[in-house]
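model.txt (compact mmCIF, C-alpha atoms)
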# COMPACT_ATOMS: atom_id res chain seq x y z
CA GLU R 1 -72.03 77.88 55.80
CA GLU R 2 -69.97 79.74 53.22
CA SER R 3 -69.84 78.27 49.73
CA PRO R 4 -66.41 77.08 48.59
CA MET R 5 -67.23 78.59 45.18
CA LEU R 6 -67.26 82.21 46.30
CA GLY R 7 -64.32 84.12 44.92
CA PHE R 8 -63.74 82.10 41.77
CA GLN R 9 -67.07 82.84 40.16
CA GLU R 10 -66.12 86.24 38.80
CA ASN R 11 -63.89 84.49 36.26
CA VAL R 12 -66.65 82.23 34.96
CA ILE R 13 -67.85 82.81 31.42
CA LEU R 14 -71.42 81.64 30.94
CA ASN R 15 -72.81 80.79 27.53
CA GLN R 16 -76.33 82.09 28.16
CA ASN R 17 -77.65 81.51 24.62
CA SER R 18 -76.72 77.85 24.41
CA PHE R 19 -79.32 75.08 24.34
CA LYS R 20 -76.70 72.43 25.14
CA ALA R 21 -77.56 70.59 28.34
CA SER R 22 -73.96 70.96 29.55
CA ASP R 23 -74.14 74.77 29.28
CA ILE R 24 -77.62 75.03 30.82
CA ILE R 25 -76.63 72.92 33.84
CA ARG R 26 -73.29 74.68 34.29
CA ASN R 27 -74.99 78.11 34.09
CA LYS R 28 -77.70 77.13 36.59
CA LEU R 29 -75.13 75.65 38.97
CA TYR R 30 -73.09 78.88 38.95
CA GLU R 31 -76.26 80.98 39.31
CA ASN R 32 -76.90 78.97 42.51
CA GLY R 33 -73.47 79.74 43.96
CA GLY R 34 -71.78 76.60 42.62
CA ARG R 35 -73.63 74.25 44.96
CA ILE R 36 -77.04 72.61 44.65
CA THR R 37 -78.95 69.70 46.12
CA VAL R 38 -80.83 67.42 43.73
CA TYR R 39 -83.13 64.53 44.60
CA SER R 40 -83.44 61.01 43.26
CA VAL R 41 -86.78 59.46 42.29
CA SER R 42 -87.02 58.05 45.82
CA GLY R 43 -86.21 61.44 47.38
CA LYS R 44 -82.54 60.88 48.32
CA PRO R 45 -80.59 64.15 48.33
CA TYR R 46 -77.29 64.54 46.45
CA VAL R 47 -75.09 67.62 46.76
CA ILE R 48 -73.56 68.76 43.47
CA LYS R 49 -70.65 71.24 43.52
CA ALA R 50 -68.96 73.06 40.67
CA ALA R 51 -65.28 72.10 40.36
CA TYR R 52 -62.59 74.77 40.13
CA ASP R 53 -61.65 73.74 36.57
CA GLN R 54 -65.09 75.09 35.43
CA LYS R 55 -65.47 71.98 33.19
CA SER R 56 -66.53 69.40 35.76
CA PHE R 57 -68.63 68.92 38.87
CA LEU R 58 -68.29 66.97 42.10
CA CYS R 59 -70.68 64.76 44.03
CA ASP R 60 -69.74 62.48 46.94
CA GLN R 61 -71.88 59.69 45.42
CA LEU R 62 -69.87 59.86 42.15
CA PRO R 63 -66.37 59.18 43.51
CA ILE R 64 -64.55 58.95 40.21
CA SER R 65 -61.33 60.58 39.13
CA PRO R 66 -61.23 62.68 37.10
CA PRO R 67 -64.74 63.91 37.99
CA TYR R 68 -67.55 63.99 35.44
CA GLU R 69 -67.47 66.92 33.03
CA TYR R 70 -70.67 68.77 32.13
CA THR R 71 -70.42 67.26 28.63
CA VAL R 72 -71.71 63.96 30.07
CA PHE R 73 -75.17 65.59 29.95
CA ASP R 74 -74.81 66.22 26.19
CA VAL R 75 -74.12 62.50 25.69
CA ILE R 76 -77.35 61.67 27.55
CA ILE R 77 -79.36 64.21 25.51
CA ASP R 78 -77.95 62.79 22.25
CA LEU R 79 -79.33 59.38 23.28
CA LEU R 80 -82.71 60.85 24.25
CA LEU R 81 -83.00 62.67 20.93
CA LYS R 82 -82.11 59.49 19.01
CA SER R 83 -84.67 57.56 21.07
CA GLY R 84 -87.65 59.86 20.49
CA GLY R 85 -87.13 61.84 23.70
CA LYS R 86 -87.18 58.95 26.18
CA ALA R 87 -84.70 56.22 27.16
CA PRO R 88 -84.37 53.55 29.86
CA LYS R 89 -81.84 54.34 32.58
CA GLY R 90 -80.36 50.84 32.42
CA ASN R 91 -78.34 49.01 35.04
CA GLY R 92 -74.57 49.18 35.28
CA ARG R 93 -74.32 47.56 38.70
CA ASN R 94 -75.42 44.08 37.61
CA TYR R 95 -74.33 44.05 33.96
CA ARG R 96 -71.24 44.77 31.89
CA LEU R 97 -71.42 47.07 28.87
CA GLY R 98 -73.34 45.44 26.01
CA GLU R 99 -75.09 42.92 28.27
CA GLY R 100 -78.58 42.81 29.78
CA ASN R 101 -79.79 46.26 30.84
CA CYS R 102 -76.44 47.91 30.07
CA THR R 103 -76.64 48.30 26.30
CA GLU R 104 -75.89 51.41 24.26
CA ASP R 105 -79.60 52.32 24.08
CA THR R 106 -79.72 52.80 27.87
CA VAL R 107 -78.48 55.92 29.65
CA VAL R 108 -75.84 54.03 31.64
CA GLY R 109 -74.67 52.19 28.52
CA THR R 110 -74.38 55.31 26.39
CA ILE R 111 -72.43 57.11 29.15
CA ALA R 112 -70.06 54.14 29.47
CA LYS R 113 -69.48 53.89 25.72
CA ASN R 114 -69.78 57.44 24.42
CA TYR R 115 -68.46 59.38 27.42
CA ALA R 116 -66.14 57.01 29.32
CA GLY R 117 -64.88 55.17 26.23
CA LYS R 118 -65.66 51.70 27.57
CA LYS R 119 -65.86 48.67 25.28
CA ASN R 120 -68.43 45.85 25.26
CA GLY R 121 -67.70 43.46 28.11
CA ASP R 122 -66.14 46.15 30.33
CA SER R 123 -67.58 46.75 33.77
CA VAL R 124 -69.04 50.23 34.16
CA PHE R 125 -69.74 52.76 36.88
CA ASP R 126 -73.45 53.64 37.04
CA PRO R 127 -73.91 57.40 37.68
CA VAL R 128 -77.46 57.64 36.33
CA PHE R 129 -79.19 58.05 39.71
CA VAL R 130 -77.36 61.36 40.22
CA LEU R 131 -77.15 62.57 36.61
CA ALA R 132 -80.88 62.01 35.99
CA ALA R 133 -81.63 64.02 39.15
CA VAL R 134 -79.49 66.90 37.83
CA LEU R 135 -81.28 66.85 34.45
CA ASP R 136 -84.61 66.95 36.31
CA TRP R 137 -83.46 69.86 38.51
CA ALA R 138 -82.39 71.79 35.40
CA GLY R 139 -85.78 71.28 33.73
CA ILE R 140 -84.23 69.35 30.84
CA ALA R 141 -85.55 65.84 31.47
CA HIS R 142 -88.01 64.19 33.83
CA ASN R 143 -86.35 61.68 36.15
CA GLU R 144 -88.81 58.79 36.30
CA ARG R 145 -88.52 55.32 37.78
CA GLY R 146 -86.60 53.29 35.18
CA TYR R 147 -86.33 55.94 32.46
CA ILE R 148 -85.73 59.61 31.72
CA GLU R 149 -87.67 61.73 29.25
CA LEU R 150 -87.04 65.17 27.78
CA THR R 151 -89.33 67.90 29.15
CA ALA R 152 -91.73 69.68 26.81
CA SER R 153 -90.05 73.01 27.56
CA TYR R 154 -86.59 71.68 26.62
CA ARG R 155 -87.97 70.13 23.41
CA MET R 156 -89.40 73.57 22.51
CA LYS R 157 -86.00 75.22 23.05
CA LEU R 158 -84.41 72.73 20.67
CA LYS R 159 -86.98 73.56 17.95
CA GLN R 160 -86.19 77.30 18.03
Could I get this structure in the form of structure tokens?
Amino acid sequence: EESPMLGFQENVILNQNSFKASDIIRNKLYENGGRITVYSVSGKPYVIKAAYDQKSFLCDQLPISPPYEYTVFDVIIDLLLKSGGKAPKGNGRNYRLGEGNCTEDTVVGTIAKNYAGKKNGDSVFDPVFVLAAVLDWAGIAHNERGYIELTASYRMKLKQ
């Protein structure tokens, strides 16, 4: 099957020297023809496609509009760096922002607050199952059951 990305890739400018998670993931996605399959902790496949705007990506399991931009990964990495390299994924399905397992020190909580601009008490969309799988695929963070943790190789890049 032909990739829907063919033909628009020649206009893509890649920032190859960046250590930002957003740039690394975007670069790797384009290097793979704009379409990849990542896997959840339990082995569920998710297809990720580069969007034509070159700033965002699409996944059928993340049906939000507008779609997530690559910068969502930088928000997650900021949390991981503040938390010593590891943070709980959290739970946005059963809790509102600021409650239970959906606080700012969880991945879902930090995405809701620092990416989506939600306020405490708001209900949130929980994209962590897909986003953690993308970070794992990119070699940036290990996607573990209940938490994500920066890889040793990514930590080394940040120290350079």
(request) Name all residues at most 6 Å from stretch 101-104 of chain R (count only C-alpha atoms; drop same-chain ones fewer than 5 positions away) and give them as a PyMOL selection string. (result) chain R and resi 90-92+95+109-110
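Taking all atoms listed in the file into account, R:Lys119 lies nearest to R:Arg96 out of the set R:Arg96, R:Ser83, R:Leu135, R:Ser22.
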Within 12 Å of R:Ala152, counting all atoms listed in the file, which residues qualify if same-chain residues fewer than 4 places away don't, as an mmCIF file with C-alpha atoms, in the coordinates of the input?
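File produced: selection03.cif:
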data_model
loop_
_atom_site.group_PDB
_atom_site.id
_atom_site.type_symbol
_atom_site.label_atom_id
_atom_site.label_comp_id
_atom_site.auth_asym_id
_atom_site.auth_seq_id
_atom_site.Cartn_x
_atom_site.Cartn_y
_atom_site.Cartn_z
ATOM 1 C CA GLY R 85 -87.130 61.840 23.700
ATOM 2 C CA LYS R 86 -87.180 58.950 26.180
ATOM 3 C CA GLY R 139 -85.780 71.280 33.730
ATOM 4 C CA ILE R 140 -84.230 69.350 30.840
ATOM 5 C CA ALA R 141 -85.550 65.840 31.470
ATOM 6 C CA HIS R 142 -88.010 64.190 33.830
ATOM 7 C CA MET R 156 -89.400 73.570 22.510
ATOM 8 C CA LYS R 157 -86.000 75.220 23.050
ATOM 9 C CA LEU R 158 -84.410 72.730 20.670
ATOM 10 C CA LYS R 159 -86.980 73.560 17.950
#
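Each of R:Val72, R:Asn143, R:Ser153, R:Ile77 was checked against R:Tyr115 using all atoms listed in the file; the smallest atom-to-atom distance is that of R:Val72.
Those residues positioned at most 12 Å from (-69.2, 59.1, 44.1) are Tyr46, Val47, Ile48, Phe57, Leu58, Cys59, Asp60, Gln61, Leu62, Pro63, Ile64, Ser65, Pro66, Pro67, Tyr68, Phe125, Asp126, Pro127, Val128, Phe129, Val130 and Leu131 of chain R, judged using only C-alpha atoms.
The shortest atom-to-atom distance to R:Phe19, with all atoms listed in the file taken into account, belongs to R:Tyr154 out of R:Val41, R:Arg93, R:Glu99, R:Tyr154.
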(request) Quote the spacing between atom CA of R:Val107 and atom CA of R:Ala51 in Å to one decimal place. (result) 23.5 Å
(request) Using only C-alpha atoms, find the one residue out of R:Ser123, R:Thr37, R:Thr151, R:Asn32 that sits nearest to R:Val108. (result)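 Ranking R:Ser123, R:Thr37, R:Thr151, R:Asn32 by distance to R:Val108, first place goes to R:Ser123.
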(message) So the first atom is atom CA of R:Arg145 and the second is atom CA of R:Asn114; what is the distance between them in Å, to one decimal place?
(response)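 Separating atom CA of R:Arg145 from atom CA of R:Asn114 is a distance of 23.1 Å.
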(message) Rounded to one decimal, what separation in Å do you get between atom CA of R:Glu69 and atom CA of R:Gln54?
(response) 8.8 Å
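Residue nearest R:Leu81, chosen from R:Ser18, R:Arg155, R:Gly146, R:Gln160 and counting only C-alpha atoms: R:Arg155.
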(request) Pick out the closest residue to R:Lys118 from this set: R:Ala21, R:Ile148, R:Ala133, R:Leu97. Count all atoms listed in the file. (result)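 Among the listed residues, R:Leu97 lies closest to R:Lys118.
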